[in-house]
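entry24.cif follows (mmCIF, C-alpha atoms and all ligand atoms):
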```
data_entry
#
loop_
_atom_site.label_atom_id
_atom_site.label_comp_id
_atom_site.auth_asym_id
_atom_site.auth_seq_id
_atom_site.Cartn_x
_atom_site.Cartn_y
_atom_site.Cartn_z
CA MET A 1295 63.70 -132.89 78.18
CA SER A 1296 61.77 -130.29 76.25
CA THR A 1297 59.03 -129.77 73.73
CA ALA A 1298 60.89 -132.09 71.34
CA ARG A 1299 60.01 -134.91 73.73
CA LEU A 1300 56.32 -134.02 73.39
CA ASP A 1301 56.58 -134.43 69.60
CA GLU A 1302 58.26 -137.80 70.05
CA VAL A 1303 55.44 -139.01 72.27
CA ARG A 1304 52.84 -137.70 69.84
CA THR A 1305 54.43 -139.60 66.92
CA ALA A 1306 54.72 -142.80 68.94
CA PHE A 1307 51.11 -142.48 70.14
CA LEU A 1308 49.74 -142.04 66.63
CA ALA A 1309 51.70 -145.05 65.39
CA ASP A 1310 50.49 -147.23 68.28
CA LEU A 1311 46.91 -146.15 67.80
CA GLU A 1312 47.05 -146.88 64.12
CA GLU A 1313 48.38 -150.36 64.81
CA ALA A 1314 45.60 -151.01 67.33
CA GLY A 1315 43.14 -150.20 64.53
CA SER A 1316 39.62 -151.29 65.40
CA ASP A 1317 40.61 -153.90 67.96
CA ALA A 1318 38.97 -152.66 71.15
CA ALA A 1319 41.42 -154.48 73.43
CA ALA A 1320 44.44 -153.05 71.61
CA VAL A 1321 42.98 -149.54 71.80
CA GLU A 1322 42.61 -150.02 75.56
CA THR A 1323 46.26 -151.08 75.84
CA VAL A 1324 47.28 -147.89 74.03
CA ARG A 1325 45.09 -145.84 76.36
CA ILE A 1326 46.76 -147.32 79.44
CA ARG A 1327 50.22 -146.76 78.00
CA TYR A 1328 49.62 -143.06 77.30
CA ALA A 1329 46.70 -141.84 79.36
CA GLY A 1330 46.67 -144.41 82.19
CA LYS A 1331 46.03 -142.86 85.66
CA LYS A 1332 49.05 -144.37 87.39
CA SER A 1333 51.82 -145.01 84.93
CA GLY A 1334 50.68 -143.36 81.72
CA LEU A 1335 53.26 -141.45 79.72
CA LEU A 1336 51.21 -138.26 80.08
CA ASN A 1337 51.67 -138.45 83.87
CA GLU A 1338 55.39 -138.72 83.44
CA LEU A 1339 55.42 -135.72 81.10
CA THR A 1340 53.36 -133.72 83.62
CA ALA A 1341 55.70 -134.58 86.46
CA HIS A 1342 58.58 -133.35 84.33
CA LEU A 1343 57.04 -129.84 84.21
CA ARG A 1344 58.10 -129.20 87.78
CA GLU A 1345 61.74 -129.95 87.04
CA LEU A 1346 62.00 -127.44 84.19
CA PRO A 1347 63.64 -124.04 84.55
CA ASN A 1348 61.07 -121.25 84.71
CA GLU A 1349 61.78 -119.85 81.20
CA GLU A 1350 60.92 -123.25 79.61
CA LYS A 1351 57.82 -123.94 81.70
CA ARG A 1352 55.42 -121.80 79.63
CA ASP A 1353 56.10 -123.37 76.18
CA TYR A 1354 56.34 -126.88 77.55
CA GLY A 1355 53.13 -126.49 79.57
CA ARG A 1356 51.18 -125.22 76.58
CA GLY A 1357 52.52 -128.03 74.33
CA LEU A 1358 51.69 -130.62 76.97
CA ASN A 1359 48.09 -129.42 77.24
CA GLU A 1360 47.65 -129.67 73.49
CA LEU A 1361 49.09 -133.15 73.44
CA LYS A 1362 46.76 -134.25 76.25
CA LYS A 1363 43.74 -132.98 74.38
CA GLU A 1364 44.86 -134.67 71.17
CA ILE A 1365 45.49 -137.99 72.86
CA GLU A 1366 42.20 -137.95 74.74
CA GLY A 1367 40.28 -136.96 71.61
CA SER A 1368 41.91 -139.61 69.43
CA LEU A 1369 41.36 -142.30 72.08
CA ALA A 1370 37.69 -141.44 72.41
CA GLU A 1371 37.29 -141.60 68.64
CA ALA A 1372 39.17 -144.90 68.37
CA LYS A 1373 37.05 -146.43 71.14
CA LYS A 1374 33.87 -145.51 69.34
CA ASN A 1375 35.00 -147.20 66.14
CA ALA A 1376 36.69 -150.16 67.75
CA GLY A 1377 35.34 -153.53 66.76
CA THR A 1378 33.00 -152.30 64.04
CA VAL A 1379 35.21 -153.95 61.48
CA ILE A 1380 36.09 -157.61 61.25
CA LYS A 1381 39.66 -157.97 62.33
CA ALA A 1382 41.80 -160.87 61.18
CA THR A 1383 45.25 -161.40 62.60
CA ALA A 1384 47.37 -164.50 63.01
CA GLY A 1385 44.58 -166.89 62.14
CA LYS A 1386 41.94 -165.31 64.31
CA ILE A 1387 38.92 -163.40 63.23
CA THR A 1388 37.33 -161.13 65.79
CA VAL A 1389 34.04 -159.46 65.16
CA LYS A 1390 32.68 -156.94 67.64
CA GLY A 1391 30.10 -158.48 69.89
CA HIS A 1392 30.98 -162.00 68.81
CA SER A 1393 33.10 -164.27 70.89
CA PRO A 1394 34.88 -166.62 70.75
CA THR A 1395 37.28 -165.88 67.96
CA VAL A 1396 37.33 -168.07 64.91
CA THR A 1397 40.58 -169.65 63.84
CA VAL A 1398 41.14 -169.88 60.14
CA GLY A 1399 43.44 -171.89 57.90
CA GLY A 1400 46.30 -174.23 58.69
CA GLN A 1401 48.95 -171.54 58.78
CA GLY A 1402 46.63 -169.17 60.57
CA ARG A 1403 46.29 -166.98 57.53
CA ILE A 1404 43.41 -165.92 55.38
CA ASP A 1405 44.24 -165.93 51.70
CA VAL A 1406 41.98 -163.20 50.43
CA THR A 1407 42.95 -163.98 46.83
CA LEU A 1408 41.33 -167.45 46.90
CA PRO A 1409 38.23 -167.69 44.67
CA GLY A 1410 35.00 -167.75 46.69
CA THR A 1411 32.54 -170.63 46.87
CA PRO A 1412 30.08 -170.13 44.01
CA VAL A 1413 26.47 -169.57 45.05
CA ALA A 1414 24.06 -171.85 43.20
CA GLN A 1415 21.67 -169.87 41.05
CA GLY A 1416 18.06 -170.96 41.55
CA ALA A 1417 15.20 -170.76 39.09
CA GLN A 1418 11.46 -170.48 39.40
CA HIS A 1419 9.50 -173.66 38.83
CA PRO A 1420 7.34 -173.57 35.69
CA VAL A 1421 4.18 -174.19 37.74
CA HIS A 1422 5.10 -171.25 39.96
CA ILE A 1423 5.64 -169.01 36.93
CA VAL A 1424 2.25 -169.94 35.48
CA ARG A 1425 0.55 -169.48 38.87
CA ARG A 1426 2.01 -165.99 39.29
CA ARG A 1427 0.99 -164.98 35.77
CA ILE A 1428 -2.59 -166.10 36.34
CA GLU A 1429 -2.77 -164.45 39.75
CA GLU A 1430 -1.57 -161.21 38.24
CA ILE A 1431 -4.22 -161.27 35.53
CA PHE A 1432 -6.95 -161.68 38.15
CA LEU A 1433 -5.42 -159.16 40.56
CA ARG A 1434 -5.70 -156.63 37.74
CA MET A 1435 -9.40 -157.50 37.49
CA GLY A 1436 -9.90 -156.77 41.20
CA TYR A 1437 -9.75 -160.32 42.58
CA ASP A 1438 -8.05 -161.30 45.84
CA VAL A 1439 -5.73 -164.30 46.16
CA GLU A 1440 -6.91 -166.69 48.88
CA ALA A 1441 -5.66 -169.93 50.39
CA GLY A 1442 -7.14 -172.82 52.35
CA PRO A 1443 -6.01 -175.97 54.17
CA GLU A 1444 -4.70 -179.00 52.28
CA VAL A 1445 -6.00 -181.28 55.04
CA GLU A 1446 -9.74 -180.78 54.68
CA ASP A 1447 -12.91 -182.12 56.17
CA ASP A 1448 -15.63 -183.95 54.26
CA TRP A 1449 -18.04 -181.04 54.62
CA HIS A 1450 -15.93 -178.46 52.77
CA ASN A 1451 -14.42 -180.83 50.21
CA PHE A 1452 -17.73 -182.56 49.33
CA GLU A 1453 -20.98 -181.90 51.15
CA ALA A 1454 -21.05 -178.11 51.07
CA LEU A 1455 -20.31 -178.41 47.35
CA ASN A 1456 -23.45 -180.49 46.80
CA ILE A 1457 -21.60 -183.81 46.74
CA PRO A 1458 -23.43 -185.95 49.35
CA PRO A 1459 -21.83 -189.21 50.65
CA ASP A 1460 -23.33 -191.52 48.03
CA HIS A 1461 -22.81 -189.15 45.10
CA PRO A 1462 -21.11 -190.76 42.07
CA ALA A 1463 -18.88 -187.68 41.65
CA ARG A 1464 -16.92 -188.97 44.64
CA ASP A 1465 -15.70 -191.88 42.50
CA ASP A 1466 -13.96 -189.48 40.10
CA GLN A 1467 -11.91 -188.08 42.90
CA ASP A 1468 -9.95 -190.99 44.34
CA THR A 1469 -9.55 -189.51 47.76
CA PHE A 1470 -6.74 -189.95 50.27
CA TYR A 1471 -8.65 -190.35 53.52
CA LEU A 1472 -7.07 -189.48 56.85
CA PRO A 1473 -8.13 -190.50 60.38
CA GLN A 1474 -11.04 -188.77 62.15
CA GLY A 1475 -12.96 -187.86 59.01
CA PHE A 1476 -10.24 -185.73 57.47
CA LEU A 1477 -8.91 -186.07 53.95
CA LEU A 1478 -6.42 -184.47 51.58
CA ARG A 1479 -8.44 -182.03 49.53
CA THR A 1480 -9.13 -183.35 46.06
CA HIS A 1481 -9.64 -179.90 44.56
CA THR A 1482 -9.37 -176.21 45.49
CA SER A 1483 -13.18 -175.83 45.44
CA PRO A 1484 -13.53 -176.27 49.25
CA VAL A 1485 -11.97 -172.83 49.64
CA GLN A 1486 -15.05 -171.44 47.84
CA ALA A 1487 -17.16 -172.81 50.68
CA ARG A 1488 -14.79 -171.57 53.37
CA VAL A 1489 -14.67 -168.03 52.01
CA MET A 1490 -18.45 -167.82 51.54
CA GLU A 1491 -18.98 -169.08 55.12
CA SER A 1492 -16.73 -166.41 56.52
CA ARG A 1493 -17.47 -163.37 54.41
CA LYS A 1494 -20.42 -161.57 52.82
CA PRO A 1495 -20.65 -160.92 49.04
CA PRO A 1496 -19.42 -159.26 46.94
CA ILE A 1497 -16.69 -161.90 46.70
CA ARG A 1498 -14.03 -162.01 44.02
CA ILE A 1499 -11.26 -164.52 44.67
CA VAL A 1500 -8.77 -166.84 43.03
CA VAL A 1501 -7.30 -169.71 45.03
CA PRO A 1502 -4.15 -171.46 43.85
CA GLY A 1503 -3.01 -174.55 45.73
CA ARG A 1504 -1.93 -178.18 45.96
CA VAL A 1505 -4.54 -180.90 45.64
CA TYR A 1506 -4.31 -184.68 46.00
CA ARG A 1507 -5.77 -187.73 44.25
CA ARG A 1508 -4.82 -191.41 44.17
CA ASP A 1509 -3.69 -191.39 40.61
CA SER A 1510 -0.34 -191.59 38.83
CA ASP A 1511 0.59 -191.86 35.16
CA LEU A 1512 1.83 -189.65 32.26
CA ARG A 1513 -0.94 -187.15 32.89
CA HIS A 1514 -1.67 -187.68 36.57
CA SER A 1515 0.28 -187.21 39.75
CA PRO A 1516 -0.97 -187.89 43.30
CA MET A 1517 -0.22 -184.24 44.06
CA PHE A 1518 -0.95 -181.53 41.55
CA HIS A 1519 -1.95 -177.87 41.43
CA GLN A 1520 -5.26 -176.19 40.75
CA LEU A 1521 -6.50 -172.65 40.68
CA GLU A 1522 -10.06 -171.89 41.69
CA GLY A 1523 -12.03 -168.78 40.86
CA LEU A 1524 -15.22 -167.48 42.47
CA LEU A 1525 -17.24 -164.35 41.97
CA VAL A 1526 -20.47 -163.70 43.90
CA ASP A 1527 -22.57 -160.56 43.74
CA GLU A 1528 -26.04 -159.35 42.83
CA GLY A 1529 -27.07 -159.80 39.19
CA ILE A 1530 -24.18 -161.97 38.02
CA THR A 1531 -24.98 -163.91 34.82
CA VAL A 1532 -23.40 -166.40 32.41
CA GLY A 1533 -22.45 -163.34 30.37
CA HIS A 1534 -20.12 -162.20 33.15
CA LEU A 1535 -18.63 -165.69 33.35
CA LYS A 1536 -17.97 -165.86 29.62
CA ALA A 1537 -16.50 -162.35 29.39
CA THR A 1538 -14.26 -162.96 32.42
CA LEU A 1539 -12.93 -166.24 31.06
CA GLU A 1540 -12.32 -164.74 27.62
CA THR A 1541 -10.45 -161.80 29.11
CA PHE A 1542 -8.39 -164.17 31.23
CA LEU A 1543 -7.57 -166.65 28.46
CA HIS A 1544 -6.69 -163.89 25.99
CA ALA A 1545 -4.33 -162.37 28.55
CA LEU A 1546 -2.77 -165.75 29.37
CA PHE A 1547 -2.35 -167.11 25.82
CA SER A 1548 -3.04 -164.53 23.12
CA ASP A 1549 -5.81 -162.29 21.87
CA ASN A 1550 -6.08 -164.60 18.88
CA VAL A 1551 -7.23 -167.70 20.74
CA GLU A 1552 -10.88 -168.58 20.43
CA VAL A 1553 -12.77 -169.55 23.58
CA ARG A 1554 -15.58 -172.11 23.47
CA LEU A 1555 -18.01 -173.10 26.22
CA ARG A 1556 -19.41 -176.63 26.04
CA PRO A 1557 -22.15 -177.97 28.30
CA GLY A 1558 -20.64 -179.89 31.20
CA TYR A 1559 -21.51 -181.22 34.61
CA PHE A 1560 -20.21 -180.34 38.08
CA PRO A 1561 -22.30 -180.91 41.21
CA PHE A 1562 -21.54 -177.42 42.53
CA THR A 1563 -22.47 -175.43 39.42
CA GLU A 1564 -25.68 -175.21 37.40
CA PRO A 1565 -25.44 -174.77 34.49
CA SER A 1566 -21.87 -176.00 34.09
CA ALA A 1567 -19.50 -175.56 31.17
CA GLU A 1568 -16.24 -177.08 29.99
CA VAL A 1569 -14.11 -174.39 28.44
CA ASP A 1570 -11.83 -174.98 25.45
CA ILE A 1571 -9.39 -172.75 23.60
CA SER A 1572 -8.51 -173.10 19.93
CA CYS A 1573 -5.28 -175.10 19.66
CA ILE A 1574 -2.31 -172.75 20.08
CA PHE A 1575 0.04 -175.23 18.43
CA CYS A 1576 -1.59 -175.97 15.06
CA ASP A 1577 -4.01 -173.10 14.49
CA GLN A 1578 -6.79 -175.67 14.55
CA LYS A 1579 -5.38 -177.70 11.69
CA GLY A 1580 -5.18 -180.65 14.07
CA CYS A 1581 -2.05 -181.88 15.88
CA GLY A 1582 -0.89 -184.24 18.62
CA VAL A 1583 -1.54 -181.80 21.42
CA CYS A 1584 -5.22 -181.27 20.52
CA SER A 1585 -5.59 -184.89 19.32
CA GLY A 1586 -6.59 -183.59 15.89
CA SER A 1587 -9.65 -181.79 17.23
CA GLY A 1588 -8.32 -178.22 16.99
CA TRP A 1589 -9.47 -177.52 20.57
CA ILE A 1590 -7.76 -177.84 23.94
CA GLU A 1591 -9.82 -178.29 27.08
CA ILE A 1592 -8.58 -175.76 29.60
CA LEU A 1593 -10.97 -175.44 32.54
CA GLY A 1594 -14.28 -176.27 34.19
CA SER A 1595 -16.79 -173.62 35.19
CA GLY A 1596 -20.39 -172.72 35.81
CA MET A 1597 -22.91 -170.69 37.76
CA VAL A 1598 -22.74 -171.43 41.50
CA ASP A 1599 -25.52 -173.93 42.33
CA PRO A 1600 -28.10 -172.40 44.72
CA ARG A 1601 -27.69 -175.47 46.91
CA VAL A 1602 -24.07 -174.47 47.53
CA PHE A 1603 -25.19 -170.96 48.51
CA GLU A 1604 -27.70 -172.45 50.94
CA ALA A 1605 -25.11 -174.78 52.46
CA VAL A 1606 -22.74 -171.92 53.25
CA GLY A 1607 -25.39 -169.37 54.29
CA VAL A 1608 -25.47 -167.05 51.27
CA ASP A 1609 -28.93 -165.74 50.29
CA SER A 1610 -29.56 -167.44 46.93
CA ASP A 1611 -32.52 -165.17 46.15
CA ARG A 1612 -30.35 -162.13 46.34
CA TYR A 1613 -27.01 -163.36 44.99
CA THR A 1614 -25.75 -165.26 41.99
CA GLY A 1615 -22.21 -166.06 41.02
CA PHE A 1616 -19.84 -168.04 38.88
CA ALA A 1617 -16.94 -170.33 39.61
CA PHE A 1618 -14.18 -172.00 37.66
CA GLY A 1619 -11.31 -174.37 38.26
CA LEU A 1620 -8.23 -175.21 36.25
CA GLY A 1621 -5.12 -177.37 36.47
CA LEU A 1622 -1.98 -175.25 36.75
CA ASP A 1623 0.32 -178.16 35.87
CA ARG A 1624 -1.59 -178.87 32.70
CA ILE A 1625 -1.28 -175.25 31.64
CA ALA A 1626 2.45 -175.22 32.43
CA MET A 1627 2.88 -178.37 30.31
CA LEU A 1628 0.99 -176.74 27.45
CA VAL A 1629 2.81 -173.43 27.63
CA TYR A 1630 6.28 -174.96 27.91
CA GLY A 1631 5.75 -178.13 25.87
CA ILE A 1632 6.53 -180.50 28.76
CA PRO A 1633 5.36 -183.98 27.71
CA ASP A 1634 5.25 -185.86 31.05
CA LEU A 1635 3.51 -184.40 34.09
CA ARG A 1636 5.80 -186.32 36.41
CA GLN A 1637 8.80 -184.35 35.11
CA LEU A 1638 7.36 -181.35 36.90
CA PHE A 1639 7.73 -183.01 40.29
CA ALA A 1640 10.92 -185.04 39.83
CA GLY A 1641 13.02 -182.31 41.44
CA ASP A 1642 15.48 -182.50 38.55
CA GLN A 1643 17.29 -179.20 38.21
CA ARG A 1644 17.94 -179.83 34.52
CA LEU A 1645 14.27 -178.96 34.05
CA THR A 1646 14.04 -175.93 36.33
CA ARG A 1647 17.37 -174.45 35.22
CA GLN A 1648 15.81 -173.85 31.83
CA PHE A 1649 13.55 -171.29 33.50
CA ALA A 1650 16.33 -169.24 35.16
N1 LIG B 1701 -13.25 -178.74 41.22
C1 LIG B 1701 -13.27 -179.20 39.86
C2 LIG B 1701 -12.27 -180.33 39.71
O1 LIG B 1701 -11.47 -180.52 40.55
C3 LIG B 1701 -12.92 -178.09 38.92
C4 LIG B 1701 -14.00 -177.08 38.85
C5 LIG B 1701 -15.00 -177.17 37.91
C6 LIG B 1701 -14.04 -176.04 39.73
C7 LIG B 1701 -16.01 -176.23 37.82
C8 LIG B 1701 -15.06 -175.08 39.67
C9 LIG B 1701 -16.04 -175.21 38.69
O2 LIG B 1701 -15.13 -174.06 40.50
O3 LIG B 1701 -17.01 -174.29 38.63
O4 LIG B 1701 -12.30 -181.01 38.72
#
```

Could you write out this file's structure as structure tokens?
Amino acid sequence: MSTARLDEVRTAFLADLEEAGSDAAAVETVRIRYAGKKSGLLNELTAHLRELPNEEKRDYGRGLNELKKEIEGSLAEAKKNAGTVIKATAGKITVKGHSPTVTVGGQGRIDVTLPGTPVAQGAQHPVHIVRRRIEEIFLRMGYDVEAGPEVEDDWHNFEALNIPPDHPARDDQDTFYLPQGFLLRTHTSPVQARVMESRKPPIRIVVPGRVYRRDSDLRHSPMFHQLEGLLVDEGITVGHLKATLETFLHALFSDNVEVRLRPGYFPFTEPSAEVDISCIFCDQKGCGVCSGSGWIEILGSGMVDPRVFEAVGVDSDRYTGFAFGLGLDRIAMLVYGIPDLRQLFAGDQRLTRQFA
């Protein structure tokens, strides 16, 4: 035996190590075969040194040392990398740190040329798209987006908003009552009360959310979406309300729409206004959408009633504010020409796919 034998072992080692790849157990088998303490090939090669004639000892010894270093280095490297890759052999997939192994396919083979399972492409719901657009407009104006509970108490949904128990406004809001005085909120306005109770002015918020009423037809669903707005600070006037709503509605629809405030009534605002935009479908010539009137009612608004401020502990001598509320579903129907409100909640992907 001579240095040629060392080269043989080196070649065999490299081939074995390559075959072991990233399988930690296989790398260990290779280690035992070559560098094992008792019966490793390196031991055998070392023992052989003694049997060599003196003139061959020097070359062989040097070659053996190099081989040892190489084998130890390569084994250390292979150990580090072992198991980082998914290994699939004979129907088994092993992933480092994951046992047991997974068995794949009848023949124990993975056909990597098979087409994959297609991933269904989702789409945003039209109400979600409209909500995000409106939120973004108000975020740009310095508002925060807030949320509140859908299961509400009578105080926040009604009383704090100046709707006492016998108030006729309760009849308009066919309420789902729950045990122990709770109810499903009939509008997003209770979040106004919650925020004012918990925080000092200045307040600038919009509140999108689900609301519930016992109502169902072409234009009504027992669950629908509103967005509430509230601004409270010193010296706020109807002028601020009008300018804010115009800025918002121009950004949402177009700079060309006209905005009109009509006198209205809400228990929690005084004065109150219904807000219309000029019909975006017929340029005010009169069409089905605006029922020939040239105007489309878009939201309710007003100056926060001092009684609401008092109920939630805001100083009504110092602060004034405005509020508004709108139906997100109604706006989505308008913007996308969806004729039946219930289509929005039918869960039919033929509708939502059109918004992908
Ligand atoms: N809460 C009202 C509703 O559900 C909408 C509304 C009107 C909200 C006027 C307001 C407002 O904040 O000022 O019909």

Counting all atoms listed in the file, which residues in range 1447-1564 of chain A sit no more than 9 Å from range 1573-1589 of chain A? For each one, give the nearest pair of atoms and the distance in Å, sorted by chain then residue number, as a tab-separated table.
```
residue	atom	partner	partner_atom	distance
A:Phe1547	CA	A:Ile1574	CA	8.0
A:Ser1548	CA	A:Ile1574	CA	8.8
A:Val1551	CA	A:Ile1574	CA	7.1
A:Glu1552	CA	A:Cys1573	CA	8.6
A:Arg1554	CA	A:Trp1589	CA	8.7
```

Closest pair table for chain A residues within 10 Å of ligand LIG 1701 (chain B), all atoms listed in the file, as CSV:
```
residue,atom,partner,partner_atom,distance
A:Asn1451,CA,B:LIG1701,N1,9.3
A:Leu1455,CA,B:LIG1701,N1,9.4
A:Ala1463,CA,B:LIG1701,O4,9.8
A:Asp1466,CA,B:LIG1701,O4,8.7
A:Gln1467,CA,B:LIG1701,O1,7.9
A:Arg1479,CA,B:LIG1701,O1,9.6
A:Thr1480,CA,B:LIG1701,O1,6.6
A:His1481,CA,B:LIG1701,O1,4.5
A:Thr1482,CA,B:LIG1701,N1,6.3
A:Ser1483,CA,B:LIG1701,N1,5.1
A:Pro1484,CA,B:LIG1701,N1,8.4
A:Val1485,CA,B:LIG1701,O2,9.7
A:Gln1486,CA,B:LIG1701,O2,7.8
A:Val1500,CA,B:LIG1701,O2,9.9
A:Val1505,CA,B:LIG1701,O1,8.6
A:Tyr1506,CA,B:LIG1701,O1,9.9
A:Arg1507,CA,B:LIG1701,O1,9.9
A:His1519,CA,B:LIG1701,O1,9.9
A:Gln1520,CA,B:LIG1701,O1,7.6
A:Leu1521,CA,B:LIG1701,C6,8.3
A:Glu1522,CA,B:LIG1701,O2,5.6
A:Gly1523,CA,B:LIG1701,O2,6.1
A:Leu1524,CA,B:LIG1701,O2,6.9
A:Gly1558,CA,B:LIG1701,C7,8.9
A:Tyr1559,CA,B:LIG1701,C7,8.1
A:Phe1560,CA,B:LIG1701,C7,5.9
A:Pro1561,CA,B:LIG1701,C7,8.5
A:Phe1562,CA,B:LIG1701,O3,6.7
A:Thr1563,CA,B:LIG1701,O3,5.6
A:Glu1564,CA,B:LIG1701,O3,8.8
A:Pro1565,CA,B:LIG1701,O3,9.4
A:Ser1566,CA,B:LIG1701,O3,6.9
A:Ala1567,CA,B:LIG1701,C7,7.5
A:Glu1568,CA,B:LIG1701,C7,7.9
A:Val1569,CA,B:LIG1701,C7,9.7
A:Leu1593,CA,B:LIG1701,C5,6.9
A:Gly1594,CA,B:LIG1701,C5,3.9
A:Ser1595,CA,B:LIG1701,O3,3.5
A:Gly1596,CA,B:LIG1701,O3,4.7
A:Met1597,CA,B:LIG1701,O3,7.0
A:Val1598,CA,B:LIG1701,O3,7.0
A:Asp1599,CA,B:LIG1701,O3,9.3
A:Phe1616,CA,B:LIG1701,O3,6.9
A:Ala1617,CA,B:LIG1701,O3,4.1
A:Phe1618,CA,B:LIG1701,O2,3.6
A:Gly1619,CA,B:LIG1701,C6,3.5
A:Leu1620,CA,B:LIG1701,C3,6.1
A:Gly1621,CA,B:LIG1701,O1,8.2
```

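Distances here use all atoms listed in the file; by that measure, the residue among A:Glu1322, A:Asp1527, A:Glu1338, A:Asp1570 closest to Ser1610 in chain A is A:Asp1527.
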
Interatomic distance (Å, one decimal) between CA of Ser1368 in chain A and CA of Glu1302 in chain A: 16.5 Å

Residues within 10 Å of His1461 in chain A, all atoms listed in the file, excluding chain neighbours under 4 positions, as an MDAnalysis selection string: chainID A and resid 1452:1453 1456:1457 1465 1561

All residues 10 Å or closer to Leu1361 in chain A, all atoms listed in the file, same chain fewer than 2 positions away omitted, as a list in words: Leu1300, Asp1301, Val1303, Arg1304, Leu1336, Gly1355, Arg1356, Gly1357, Leu1358, Asn1359, Lys1363, Glu1364, Ile1365, Glu1366 and Gly1367 of chain A

Interatomic distance, CA of Gln1474 in chain A to CA of Gly1607 in chain A (Å, one decimal): 25.4 Å

Exercise: Ile1326 in chain A partners within 12 Å, only C-alpha atoms, chain neighbours under 2 positions left out, as a ChimeraX atom specification: /A:1307,1310-1311,1319-1324,1328-1337,1365-1366,1369

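The spacing separating CA of Phe1476 in chain A from CA of Ser1510 in chain A amounts to 21.9 Å.
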
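Candidate residues A:Leu1546, A:Met1517, A:Ala1487, A:Ile1499 were compared for distance to Gly1436 in chain A, and the nearest is A:Ile1499, using all atoms listed in the file.
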
Local residues around (1.7, -183.7, 35.6), at most 12 Å away, using all atoms listed in the file, as a ChimeraX atom specification: /A:1420-1421,1509-1520,1621-1628,1631-1640

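Considering the residues A:Pro1459, A:Pro1412, A:Pro1443, A:Pro1502 and counting all atoms listed in the file, Arg1427 in chain A has its shortest atom-to-atom contact with A:Pro1502.
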
Reconstruct N, CA, C and O atoms of range 1447-1457 of chain A; output as a compact mmCIF listing (two decimals), in the coordinates of the input.
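Okay, selection.txt is ready:
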```
# COMPACT_ATOMS: atom_id res chain seq x y z
N ASP A 1447 -11.89 -181.22 55.68
CA ASP A 1447 -12.91 -182.12 56.17
C ASP A 1447 -13.90 -182.43 55.06
O ASP A 1447 -13.92 -181.76 54.02
N ASP A 1448 -14.69 -183.47 55.28
CA ASP A 1448 -15.63 -183.95 54.26
C ASP A 1448 -16.64 -182.86 53.87
O ASP A 1448 -17.01 -182.73 52.71
N TRP A 1449 -17.04 -182.08 54.87
CA TRP A 1449 -18.04 -181.04 54.62
C TRP A 1449 -17.56 -180.05 53.54
O TRP A 1449 -18.27 -179.82 52.56
N HIS A 1450 -16.37 -179.49 53.72
CA HIS A 1450 -15.93 -178.46 52.77
C HIS A 1450 -15.52 -179.06 51.43
O HIS A 1450 -15.76 -178.47 50.38
N ASN A 1451 -14.89 -180.26 51.47
CA ASN A 1451 -14.42 -180.83 50.21
C ASN A 1451 -15.58 -181.38 49.37
O ASN A 1451 -15.53 -181.35 48.14
N PHE A 1452 -16.63 -181.89 50.05
CA PHE A 1452 -17.73 -182.56 49.33
C PHE A 1452 -19.11 -181.99 49.63
O PHE A 1452 -19.77 -181.45 48.75
N GLU A 1453 -19.56 -182.14 50.88
CA GLU A 1453 -20.98 -181.90 51.15
C GLU A 1453 -21.43 -180.48 50.87
O GLU A 1453 -22.48 -180.27 50.26
N ALA A 1454 -20.66 -179.51 51.31
CA ALA A 1454 -21.05 -178.11 51.07
C ALA A 1454 -21.08 -177.81 49.57
O ALA A 1454 -21.76 -176.88 49.12
N LEU A 1455 -20.36 -178.62 48.80
CA LEU A 1455 -20.31 -178.41 47.35
C LEU A 1455 -21.33 -179.30 46.63
O LEU A 1455 -21.17 -179.62 45.45
N ASN A 1456 -22.35 -179.71 47.39
CA ASN A 1456 -23.45 -180.49 46.80
C ASN A 1456 -22.99 -181.86 46.31
O ASN A 1456 -23.48 -182.37 45.30
N ILE A 1457 -22.02 -182.44 47.03
CA ILE A 1457 -21.60 -183.81 46.74
C ILE A 1457 -21.86 -184.65 47.99
O ILE A 1457 -20.98 -184.81 48.83
```
